[in-house]
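For reference, the structure is listed below as structure tokens.
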Amino acid sequence: GPGTPRVNTRPGADVAEPAHGARVLHPEKDKTNKEVPTLQAFKETFMTTYVLANNKPSERMAKEYMFKHHLLPAFGRKRLDEIGTADVERFKAEKLAAGLAPKTVNNMLSCLGKTLRFAAESEIIDKIPRLRFVKVFDKPVDFLQFDELIRLIDAAKPTPETLAAILLAGDAGLRQGEVRALQWDDLDLEAGRIFVQRTDYRGYLGSPKGGRMRRVPMTDRLKKALKASRHLKGPWVLCDLDGKMLSRTEVDTLLLRATKLAKLRRIGWHTIRHTFCSHLAMRGVPVRTIQELAGHASIMTTMKYMHLTENAADDAVRLLESGTPWQQCG
């Protein structure tokens, strides 16, 4: 029985007896008696505790979507301790065969893994299956060449609001949600500084991606564009006639019109942000500086732009022979 010592000796009995007494007095602590919930049942606990406390609204919405459309249909009826490595591998293979991108599948695996780890940390299960992520190969970064950016800026000049938005992304590296959530109080137009401290995601205002505020210097043309678009309709830098913050659809329309006037391919706001990072890298700006300006949480995100610095690296090595300081090198 549970109180019988594994080794029939006096020391064995001394160890078994108190353990058996603890199980009798506190049966809820006996792991053999615990009931393990299904993923369907535990999902609500996970969402209302761990996710609510640690994730931004955008992350919470993404997890709700993954549970509803992918994880619960596959694992919802299984007890947490019944989800094994073979089940996860089968799920992964099915999603890839259905045409989902490797990064999307990895996001699902990450969500499942965090759920199971939280269950383990809560002592609901003893162990979690091994999760092997799909290898992801980075696609080439799409960005505008120097002349293309100039064409886009020129096309936007007749509309001060559009010009300000494009330069906030192209000269300051703001994300689309950060551009829309920018307020006049976030700007120091005299010193030429932008304090990026919030973003909008489907109506939810929160901290920027990465969770940290960042300070970005303005270019002269950005400063002029912001001064030219100054208004008294409300706190938002970009707003409609009633002073309300522009929606994602509305800023997408501004960009689409400008790209058509500039006779450029159709691009998104992320392409202009990529342009900001790419142009800095092409001009030899150190990776850590680009990371700080762009607000990348991981330097690995910034590293995807570093292949553009090949010429700068060649120039830097040549300086070893010339003795010319880097800042004087043209």
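The way I read the labels, and the way they are meant: chains A, B, ... in the order of the structure tokens, residue 1 as the first residue of every chain, and ligand 1 as the first ligand shown, with later ones counted on from there.
Within region 65-194 of chain A, DSSP run on the backbone puts these residues in strand (DSSP E or B): Arg79, Gln183, Leu187, Asp188, Arg193 and Ile194 of chain A.
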Can those selected residues be exported to a file as a PDB file, in the first residue's frame so that it contains all heavy atoms?
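Below you can see part_4.pdb, which holds the result:
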```pdb
ATOM      1  N   ARG A  79      -6.838  15.632 -21.767  1.00  0.00           N
ATOM      2  CA  ARG A  79      -6.300  16.125 -20.503  1.00  0.00           C
ATOM      3  C   ARG A  79      -4.904  16.658 -20.767  1.00  0.00           C
ATOM      4  O   ARG A  79      -4.203  16.210 -21.667  1.00  0.00           O
ATOM      5  CB  ARG A  79      -6.238  15.009 -19.463  1.00  0.00           C
ATOM      6  CG  ARG A  79      -7.568  14.547 -18.947  1.00  0.00           C
ATOM      7  CD  ARG A  79      -7.431  13.784 -17.635  1.00  0.00           C
ATOM      8  NE  ARG A  79      -6.150  13.122 -17.469  1.00  0.00           N
ATOM      9  CZ  ARG A  79      -5.988  11.793 -17.403  1.00  0.00           C
ATOM     10  NH1 ARG A  79      -7.038  10.998 -17.532  1.00  0.00           N
ATOM     11  NH2 ARG A  79      -4.789  11.280 -17.232  1.00  0.00           N
ATOM     12  N   GLN A 183       0.639  61.453 -29.979  1.00  0.00           N
ATOM     13  CA  GLN A 183      -0.034  62.674 -29.548  1.00  0.00           C
ATOM     14  C   GLN A 183       0.949  63.843 -29.579  1.00  0.00           C
ATOM     15  O   GLN A 183       2.163  63.652 -29.507  1.00  0.00           O
ATOM     16  CB  GLN A 183      -0.599  62.494 -28.130  1.00  0.00           C
ATOM     17  CG  GLN A 183      -1.671  61.426 -28.030  1.00  0.00           C
ATOM     18  CD  GLN A 183      -2.301  61.354 -26.648  1.00  0.00           C
ATOM     19  OE1 GLN A 183      -1.944  62.107 -25.740  1.00  0.00           O
ATOM     20  NE2 GLN A 183      -3.267  60.458 -26.487  1.00  0.00           N
ATOM     21  N   LEU A 187       5.721  65.030 -28.589  1.00  0.00           N
ATOM     22  CA  LEU A 187       6.693  65.681 -29.458  1.00  0.00           C
ATOM     23  C   LEU A 187       7.344  66.867 -28.758  1.00  0.00           C
ATOM     24  O   LEU A 187       6.677  67.633 -28.071  1.00  0.00           O
ATOM     25  CB  LEU A 187       6.022  66.177 -30.742  1.00  0.00           C
ATOM     26  CG  LEU A 187       5.208  65.169 -31.560  1.00  0.00           C
ATOM     27  CD1 LEU A 187       4.592  65.857 -32.762  1.00  0.00           C
ATOM     28  CD2 LEU A 187       6.068  63.987 -31.983  1.00  0.00           C
ATOM     29  N   ASP A 188       8.645  66.989 -28.957  1.00  0.00           N
ATOM     30  CA  ASP A 188       9.364  68.201 -28.572  1.00  0.00           C
ATOM     31  C   ASP A 188       9.859  68.815 -29.875  1.00  0.00           C
ATOM     32  O   ASP A 188      10.946  68.470 -30.368  1.00  0.00           O
ATOM     33  CB  ASP A 188      10.527  67.860 -27.637  1.00  0.00           C
ATOM     34  CG  ASP A 188      11.243  69.100 -27.115  1.00  0.00           C
ATOM     35  OD1 ASP A 188      11.088  70.170 -27.730  1.00  0.00           O
ATOM     36  OD2 ASP A 188      11.959  68.990 -26.103  1.00  0.00           O
ATOM     37  N   ARG A 193      12.604  65.998 -30.923  1.00  0.00           N
ATOM     38  CA  ARG A 193      12.586  64.667 -30.309  1.00  0.00           C
ATOM     39  C   ARG A 193      11.165  64.113 -30.318  1.00  0.00           C
ATOM     40  O   ARG A 193      10.192  64.836 -30.116  1.00  0.00           O
ATOM     41  CB  ARG A 193      13.083  64.718 -28.861  1.00  0.00           C
ATOM     42  CG  ARG A 193      14.558  65.067 -28.707  1.00  0.00           C
ATOM     43  CD  ARG A 193      15.443  63.890 -29.112  1.00  0.00           C
ATOM     44  NE  ARG A 193      16.861  64.168 -28.880  1.00  0.00           N
ATOM     45  CZ  ARG A 193      17.661  64.774 -29.730  1.00  0.00           C
ATOM     46  NH1 ARG A 193      17.167  65.194 -30.887  1.00  0.00           N
ATOM     47  NH2 ARG A 193      18.926  64.977 -29.453  1.00  0.00           N
ATOM     48  N   ILE A 194      11.058  62.795 -30.538  1.00  0.00           N
ATOM     49  CA  ILE A 194       9.784  62.087 -30.456  1.00  0.00           C
ATOM     50  C   ILE A 194       9.880  61.077 -29.316  1.00  0.00           C
ATOM     51  O   ILE A 194      10.847  60.312 -29.230  1.00  0.00           O
ATOM     52  CB  ILE A 194       9.464  61.337 -31.758  1.00  0.00           C
ATOM     53  CG1 ILE A 194       9.461  62.292 -32.948  1.00  0.00           C
ATOM     54  CG2 ILE A 194       8.126  60.606 -31.654  1.00  0.00           C
ATOM     55  CD1 ILE A 194       9.367  61.572 -34.287  1.00  0.00           C
TER      56      ILE A 194
END
```
Applying 7 Å and only C-alpha atoms, which residues near region 128-142 of chain A remain after dropping the ones on its own chain fewer than 6 positions away? List them as a ChimeraX atom specification.
/A:84-85,102-103,106,116-117,271,274
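Of the residues under consideration (A:Lys227, A:Arg202, A:Gly210, A:Ala172), A:Gly210 shows the shortest atom-to-atom contact distance to Thr301 (chain A) when counting only C-alpha atoms.
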Of A:Arg283, A:Lys63, A:Arg77, A:Arg180, the one sitting nearest Leu238 (chain A) when using only C-alpha atoms is A:Arg180
Which residues, written as an mmCIF file with C-alpha atoms, in the first residue's frame, have at least one atom at most 12 Å from Gly76 (chain A), with only C-alpha atoms counted and residues fewer than 5 positions away on the same chain left out?
```cif
data_model
loop_
_atom_site.group_PDB
_atom_site.id
_atom_site.type_symbol
_atom_site.label_atom_id
_atom_site.label_comp_id
_atom_site.auth_asym_id
_atom_site.auth_seq_id
_atom_site.Cartn_x
_atom_site.Cartn_y
_atom_site.Cartn_z
ATOM 1 C CA PRO A 37 -8.264 19.193 -16.518
ATOM 2 C CA THR A 38 -8.637 19.099 -20.264
ATOM 3 C CA LEU A 39 -7.053 21.833 -22.347
ATOM 4 C CA GLN A 40 -10.577 23.173 -23.011
ATOM 5 C CA ALA A 41 -11.198 23.574 -19.262
ATOM 6 C CA PHE A 42 -7.737 24.914 -18.404
ATOM 7 C CA LYS A 43 -7.688 27.444 -21.236
ATOM 8 C CA GLU A 44 -9.982 29.831 -19.339
ATOM 9 C CA MET A 66 -5.218 30.417 -31.859
ATOM 10 C CA PHE A 67 -7.135 28.550 -29.161
ATOM 11 C CA LYS A 68 -10.482 28.901 -30.917
ATOM 12 C CA HIS A 69 -9.414 28.005 -34.455
ATOM 13 C CA HIS A 70 -6.461 25.666 -33.980
ATOM 14 C CA LEU A 71 -5.443 24.457 -30.506
ATOM 15 C CA GLU A 82 -2.345 13.333 -22.277
ATOM 16 C CA ILE A 83 -0.865 15.808 -24.764
ATOM 17 C CA LEU A 112 0.547 25.689 -26.365
#
```
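CA of Lys157 (chain A) is found 27.0 Å from CA of Ile290 (chain A).
For the set A:Leu100, A:His270, A:Asp126, A:Thr159, the residue with the smallest atom-to-atom gap to Glu178 (chain A) is A:His270, counting only C-alpha atoms.
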I need the residue nearest Thr309 (chain A) from this list: A:Asn54, A:Ser278, A:Thr48, A:Thr259. Use only C-alpha atoms for the distance.
A:Ser278
